[in-house]
Structures are given as C-alpha cells and as structure tokens.
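A short worksheet on the structure shown next.
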Amino acid sequence: MAERPYIVGNWKMNGTRAMLSEARAIDRAAQRYMKAEVAVAPPYTLIHAVHREAEQIGVGAQDVFPGEDGAHTGDISASMIADAGAKFVILGHSERRADHKETNKLINAKIDSALDAGLRIILCCGETLKVREAGEAEEFVLKQLKASLPQIDDAAERLTVAYEPVWAIGTGKTATPKDIEAMHKAIRQLLDETYGEETSAEVRILYGGSVKPDNAREILSIPEVGGALVGGASLSAESFLGIVVAA
Ligand code: PEP
C-alpha cells in the first residue's frame, strides 16, 4: 500500500478569499508534518489562489466538465482546472450524484477528461441509509465502482477511491470500524481483480463521513483505510490539522 496516509479537505461550496489564511496555515503545518500527504479541494474560484499559497499541500477541484474546451456556458474543463494549479479532481461525490443527478456513465466521462488533462482522481462511492439497512451496502458500492473505475492501464497510478457512506456525510454519524473495514476490504478485492494486486496496492482507499479530530485516529488505524476525505472539519485549519496529526 502507498505508505503515507492521504488527508484531503473538501471545502464544498464554501470559501472566499478570506479562507486563504486557512490554506496558508494548513500548508505551513504540512511542511513541518510530513507523515501525511495533505491536500485541499477549494471551490473553483479559489483554486489558483490556494495553489499560489501552497508549497507543500496538493490543490484539487471538486468537479469537472466531461469534455474539451468549447461552447459550454458556465462549465469548467479539466485543462482549465489543471492550468489553475489543480493536480486532482474529486469525482462522483454523493452531493453531485444527488444534486445534479450524476450517473456512473457521466462520472466515467469526467474521469476520462480528467486523466487526459493529467489530473489525479479521487473517485467517491457510498451507500444511502436505506441501502445499508436493507443489507445491500457492499453490493451497491461495488456495483457503483465497477461501473466507473477507469479501465485505462496507467489510470490506477493516478486513482484514489473514497468510501463515503451517504448517511455519514455532514451528519456527525460515522460507520462502525467493523463496517468500514469490511467495506474497504471488499473495495480492495475489487481493485485487485481489476488492476492486479501490485497496481491495486498503489491505490489508496480513503474513508469519508464526519471525520473529526476526535475520531480520526481510530478511523485512520483501521486496516485498508489509507486516509480521509474530510468535509466540514476541513474548513478551519485547526480542526483539519487535528485530523492530519492523528494520521
Ligand atoms: C464529504 O462531503 O466528502 C464529507 C466527508 O463531509 P463531512 O466530513 O462533512 O461528513
């Protein structure tokens, strides 16, 4: 497995230039604390500014248009976000699947565009509470992933998977360590089958869903958890760094 845990902050639709001081503080701390790989995904409007602040942390986007530059009013292409300084993009987040009716097919097209532009990908998957209560969480998540994992040979090197149970996002609820471990193991098995064990071992599987400084250590010590995708707690440098140092 890739050795350093990967801790990624997803700022969602939050942040004005006033948040640049948080990015600066995260970056300075990450320069001193090298045990984790740290990154943030600000809104599009701040990517370039955060990139200019960042000497250590990675900067990414939260979405991308699935195609080349052209007549698509209001959209942003992968080459544009790469030009702004983004090194990765989060795709398939449950908020985009719900708010914008994103399908696995669309997510697949976005992955292709992102890879073509040289970006790394954080591919999100996760079940709703209804699916979990029906006992179908594993089947659901693996189906979601099978439909969107990139099949290109070298894609795995630039891939991170984030398991985020939908019911745990922004709710203060987290999955139990036992459930997280079982899901991450099932995802690992699928990655082994898809890319072969050696390549699969390079793909980190993050957990996301109400990760906070006080639960991070326990979550990050679960086998097969290669880091965390953090929403709410990434909006202040203090709480985000509390997670980084727990890694
Ligand atoms: C997320 O949206 O990716 C997320 C994990 O959010 P939160 O940490 O707020 O649950």
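Ordering of the structure tokens sets the chain letters (A, B, ...); residue numbers start at 1 within each chain; ligands are numbered from 1 in the order shown.
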Selection within 8 Å of ligand 1 by only C-alpha atoms and all ligand atoms, output as an mmCIF file with C-alpha atoms, in the first residue's frame:
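Contents of out_39.cif, freshly written:
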data_model
loop_
_atom_site.group_PDB
_atom_site.id
_atom_site.type_symbol
_atom_site.label_atom_id
_atom_site.label_comp_id
_atom_site.auth_asym_id
_atom_site.auth_seq_id
_atom_site.Cartn_x
_atom_site.Cartn_y
_atom_site.Cartn_z
ATOM 1 C CA GLY A 9 -10.159 18.530 2.632
ATOM 2 C CA ASN A 10 -13.250 19.101 0.511
ATOM 3 C CA LYS A 12 -17.516 22.177 -0.988
ATOM 4 C CA HIS A 93 -19.296 12.760 -4.766
ATOM 5 C CA SER A 94 -22.729 11.842 -3.415
ATOM 6 C CA GLU A 95 -23.761 15.507 -3.334
ATOM 7 C CA GLU A 164 -18.238 7.740 1.923
ATOM 8 C CA ALA A 168 -22.465 9.731 7.413
ATOM 9 C CA ILE A 169 -21.692 12.865 5.389
ATOM 10 C CA GLY A 170 -22.167 16.026 7.410
ATOM 11 C CA THR A 171 -24.377 14.234 9.939
ATOM 12 C CA GLY A 172 -21.947 13.589 12.788
ATOM 13 C CA TYR A 207 -12.859 6.957 4.344
ATOM 14 C CA GLY A 208 -15.149 9.969 4.411
ATOM 15 C CA GLY A 209 -18.132 10.853 6.567
ATOM 16 C CA SER A 210 -17.948 13.069 9.657
ATOM 17 C CA VAL A 211 -14.237 12.529 10.239
ATOM 18 C CA LYS A 212 -13.182 14.902 13.037
ATOM 19 C CA ALA A 228 -9.632 10.516 4.897
ATOM 20 C CA LEU A 229 -11.790 12.759 2.757
ATOM 21 C CA VAL A 230 -12.932 15.499 5.102
ATOM 22 C CA GLY A 231 -15.759 17.957 4.541
ATOM 23 C CA GLY A 232 -16.921 20.144 7.428
ATOM 24 C CA ALA A 233 -13.821 19.691 9.561
ATOM 25 C CA SER A 234 -11.571 20.864 6.721
#
Find the spatial neighbours of Gly227 in chain A, counting only C-alpha atoms, within a cut-off of 9 Å - ignore same-chain residues fewer than 5 positions away - and output them as JSON, numbers by chain. {"A": [4, 5, 6, 7, 8, 36, 37, 162, 204, 205, 206, 207, 208, 219, 220, 247]}
Selection from above, N, CA and C atoms, as a tab-separated table (two decimals), in the first residue's frame, can you write it?
chain	number	residue	atom	x	y	z
A	4	ARG	N	2.21	6.75	2.82
A	4	ARG	CA	1.71	7.87	3.64
A	4	ARG	C	0.20	7.99	3.55
A	5	PRO	N	-0.48	8.20	4.69
A	5	PRO	CA	-1.93	8.43	4.59
A	5	PRO	C	-2.20	9.74	3.84
A	6	TYR	N	-3.31	9.77	3.16
A	6	TYR	CA	-3.68	10.91	2.31
A	6	TYR	C	-4.87	11.59	2.98
A	7	ILE	N	-4.71	12.84	3.38
A	7	ILE	CA	-5.78	13.54	4.07
A	7	ILE	C	-6.22	14.71	3.18
A	8	VAL	N	-7.46	14.64	2.72
A	8	VAL	CA	-7.93	15.60	1.72
A	8	VAL	C	-9.13	16.38	2.27
A	36	ALA	N	1.92	12.70	6.67
A	36	ALA	CA	0.73	12.52	5.83
A	36	ALA	C	0.87	13.36	4.57
A	37	GLU	N	0.23	12.90	3.51
A	37	GLU	CA	0.13	13.72	2.30
A	37	GLU	C	-1.18	14.51	2.45
A	162	ALA	N	-12.59	6.91	-2.59
A	162	ALA	CA	-13.07	7.38	-1.29
A	162	ALA	C	-14.41	6.71	-1.00
A	204	ARG	N	-4.92	4.20	-2.90
A	204	ARG	CA	-5.37	4.37	-1.52
A	204	ARG	C	-6.90	4.42	-1.47
A	205	ILE	N	-7.44	3.84	-0.41
A	205	ILE	CA	-8.89	3.90	-0.20
A	205	ILE	C	-9.13	4.78	1.03
A	206	LEU	N	-9.73	5.94	0.80
A	206	LEU	CA	-10.00	6.88	1.89
A	206	LEU	C	-11.37	6.59	2.49
A	207	TYR	N	-11.53	6.97	3.75
A	207	TYR	CA	-12.86	6.96	4.34
A	207	TYR	C	-13.32	8.40	4.49
A	208	GLY	N	-14.59	8.64	4.21
A	208	GLY	CA	-15.15	9.97	4.41
A	208	GLY	C	-16.52	9.88	5.04
A	219	ILE	N	-10.33	5.92	13.20
A	219	ILE	CA	-10.71	5.60	11.82
A	219	ILE	C	-9.47	5.32	10.97
A	220	LEU	N	-8.45	6.15	11.15
A	220	LEU	CA	-7.27	6.01	10.30
A	220	LEU	C	-6.42	4.79	10.65
A	247	ALA	N	-3.10	11.23	11.82
A	247	ALA	CA	-2.87	10.22	10.76
A	247	ALA	C	-1.53	9.50	10.97
Taking a cut-off of 12 Å and counting only C-alpha atoms, can you build a table that, for each residue of range 45-81 of chain A near range 116-139 of chain A, reports the nearest atom pair and how far apart they are in Å (one decimal), sorted by chain then residue number, as a Markdown table?
| residue | atom | partner | partner_atom | distance |
| --- | --- | --- | --- | --- |
| A:Gly58 | CA | A:Arg120 | CA | 10.6 |
| A:Val59 | CA | A:Arg120 | CA | 10.7 |
| A:Gly60 | CA | A:Arg120 | CA | 8.8 |
| A:Ala61 | CA | A:Ile121 | CA | 9.7 |
| A:Gln62 | CA | A:Ile122 | CA | 9.3 |
| A:Asp63 | CA | A:Ile121 | CA | 10.1 |
| A:Val64 | CA | A:Leu119 | CA | 10.7 |
| A:Phe65 | CA | A:Ala117 | CA | 11.7 |
| A:Pro66 | CA | A:Asp116 | CA | 10.6 |
| A:Gly67 | CA | A:Asp116 | CA | 9.9 |
| A:Glu68 | CA | A:Ala117 | CA | 9.6 |
| A:Asp69 | CA | A:Ala117 | CA | 11.4 |
| A:Ser77 | CA | A:Ala117 | CA | 9.0 |
| A:Ala78 | CA | A:Ala117 | CA | 5.8 |
| A:Ser79 | CA | A:Ala117 | CA | 5.3 |
| A:Met80 | CA | A:Ala117 | CA | 8.9 |
| A:Ile81 | CA | A:Ala117 | CA | 9.1 |
Any chance you can output those residues with N, CA and C atoms as an mmCIF file, in the first residue's frame?
data_model
loop_
_atom_site.group_PDB
_atom_site.id
_atom_site.type_symbol
_atom_site.label_atom_id
_atom_site.label_comp_id
_atom_site.auth_asym_id
_atom_site.auth_seq_id
_atom_site.Cartn_x
_atom_site.Cartn_y
_atom_site.Cartn_z
ATOM 1 N N GLY A 58 -1.309 19.570 -1.775
ATOM 2 C CA GLY A 58 -1.870 19.450 -3.118
ATOM 3 C C GLY A 58 -3.157 20.261 -3.205
ATOM 4 N N VAL A 59 -3.457 20.739 -4.401
ATOM 5 C CA VAL A 59 -4.691 21.504 -4.607
ATOM 6 C C VAL A 59 -5.493 20.806 -5.701
ATOM 7 N N GLY A 60 -6.799 20.683 -5.467
ATOM 8 C CA GLY A 60 -7.626 19.989 -6.450
ATOM 9 C C GLY A 60 -8.957 20.677 -6.646
ATOM 10 N N ALA A 61 -9.761 20.108 -7.556
ATOM 11 C CA ALA A 61 -11.091 20.641 -7.834
ATOM 12 C C ALA A 61 -12.129 19.641 -7.338
ATOM 13 N N GLN A 62 -13.375 20.098 -7.296
ATOM 14 C CA GLN A 62 -14.462 19.252 -6.778
ATOM 15 C C GLN A 62 -15.312 18.647 -7.886
ATOM 16 N N ASP A 63 -15.034 19.049 -9.124
ATOM 17 C CA ASP A 63 -15.811 18.535 -10.255
ATOM 18 C C ASP A 63 -15.136 19.007 -11.538
ATOM 19 N N VAL A 64 -15.581 18.462 -12.646
ATOM 20 C CA VAL A 64 -15.051 18.898 -13.929
ATOM 21 C C VAL A 64 -16.084 18.606 -15.020
ATOM 22 N N PHE A 65 -16.044 19.381 -16.089
ATOM 23 C CA PHE A 65 -16.925 19.109 -17.229
ATOM 24 C C PHE A 65 -16.331 17.946 -18.033
ATOM 25 N N PRO A 66 -17.176 17.022 -18.525
ATOM 26 C CA PRO A 66 -16.634 15.857 -19.240
ATOM 27 C C PRO A 66 -16.395 16.134 -20.724
ATOM 28 N N GLY A 67 -15.477 16.984 -21.039
ATOM 29 C CA GLY A 67 -15.210 17.235 -22.462
ATOM 30 C C GLY A 67 -14.201 18.345 -22.615
ATOM 31 N N GLU A 68 -13.916 18.622 -23.888
ATOM 32 C CA GLU A 68 -12.881 19.628 -24.169
ATOM 33 C C GLU A 68 -13.428 21.043 -24.115
ATOM 34 N N ASP A 69 -12.523 22.004 -24.082
ATOM 35 C CA ASP A 69 -12.900 23.417 -24.080
ATOM 36 C C ASP A 69 -13.806 23.716 -25.273
ATOM 37 N N SER A 77 -13.463 23.078 -17.802
ATOM 38 C CA SER A 77 -12.857 21.834 -18.303
ATOM 39 C C SER A 77 -11.681 21.396 -17.429
ATOM 40 N N ALA A 78 -11.269 20.150 -17.663
ATOM 41 C CA ALA A 78 -10.137 19.597 -16.908
ATOM 42 C C ALA A 78 -8.859 20.376 -17.214
ATOM 43 N N SER A 79 -8.667 20.766 -18.477
ATOM 44 C CA SER A 79 -7.432 21.500 -18.792
ATOM 45 C C SER A 79 -7.436 22.875 -18.109
ATOM 46 N N MET A 80 -8.629 23.454 -17.937
ATOM 47 C CA MET A 80 -8.687 24.756 -17.245
ATOM 48 C C MET A 80 -8.328 24.609 -15.766
ATOM 49 N N ILE A 81 -8.843 23.575 -15.130
ATOM 50 C CA ILE A 81 -8.517 23.456 -13.699
ATOM 51 C C ILE A 81 -7.039 23.077 -13.516
#
Practice prompt. Would you please work out which residue, of A:Phe88, A:Thr199, A:Glu22, A:Glu3, is nearest to Ala39 in chain A when using only C-alpha atoms?
Written response: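 Ranked by minimum distance to Ala39 in chain A, first place goes to A:Phe88.
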Worksheet item: Taking the backbone alone, and naming residues the way the document does, which bits of range 5-247 of chain A are strand (DSSP E) by DSSP, as number ranges by chain?
Response: A: 6-10, 37-41, 58-61, 88-91, 120-125, 159-163, 204-208, 227-230
Which residues, written as a PyMOL selection string, have at least one atom at most 9 Å from Ser148 in chain A, with only C-alpha atoms counted and residues fewer than 3 positions away on the same chain left out? chain A and resi 92+104-109+111+123+143-145+151
Q. Could you write out, as a ChimeraX atom specification, all the residues of range 14-204 of chain A that DSSP marks as helix (DSSP H, G or I)?
A. /A:17-32,44-53,78-84,94-99,104-116,129-133,137-148,153-158,166-168,177-195,197-200
Considering only C-alpha atoms, return as a tab-separated table (two decimals) with C-alpha atoms, in the first residue's frame whatever protein or nucleic-acid residues lie within 10 Å of Ala29 in chain A, sequence-local ones (same chain, fewer than 2 positions apart) excluded.
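Result file result.tsv:
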chain	number	residue	atom	x	y	z
A	23	ALA	CA	-4.96	27.37	3.37
A	24	ARG	CA	-1.72	29.13	4.31
A	25	ALA	CA	-1.86	27.74	7.85
A	26	ILE	CA	-2.57	24.22	6.57
A	27	ASP	CA	0.31	24.45	4.13
A	31	GLN	CA	5.60	21.46	5.63
A	32	ARG	CA	6.58	20.58	9.19
A	33	TYR	CA	4.50	17.43	9.44
A	34	MET	CA	5.46	15.14	6.60
A	38	VAL	CA	-2.23	16.67	2.63
A	56	GLN	CA	3.51	21.56	0.32
A	57	ILE	CA	-0.14	20.68	0.03
A	237	ALA	CA	-7.05	24.91	9.72
A	241	LEU	CA	-4.74	19.83	11.17
A	244	VAL	CA	-3.68	15.45	9.84
A	245	VAL	CA	-1.65	14.90	13.02
Computed gap from CA of Val40 in chain A to CA of Ile243 in chain A is 13.1 Å
**Item:** From A:Pro42, A:Glu53, A:Lys146, A:Val225, residue lying nearest Ser21 in chain A [only C-alpha atoms]
**Value:**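 Using only C-alpha atoms, the shortest distance to Ser21 in chain A belongs to A:Glu53.
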Task: Residue nearest Arg188 in chain A among A:Thr45, A:Ser221, A:Thr160, A:Asn215 (counting only C-alpha atoms) - done: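 Looking at the shortest contact to Arg188 in chain A, the residue is A:Thr160.
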Between CA of Ala84 in chain A and CA of His48 in chain A lies a distance of 4.8 Å
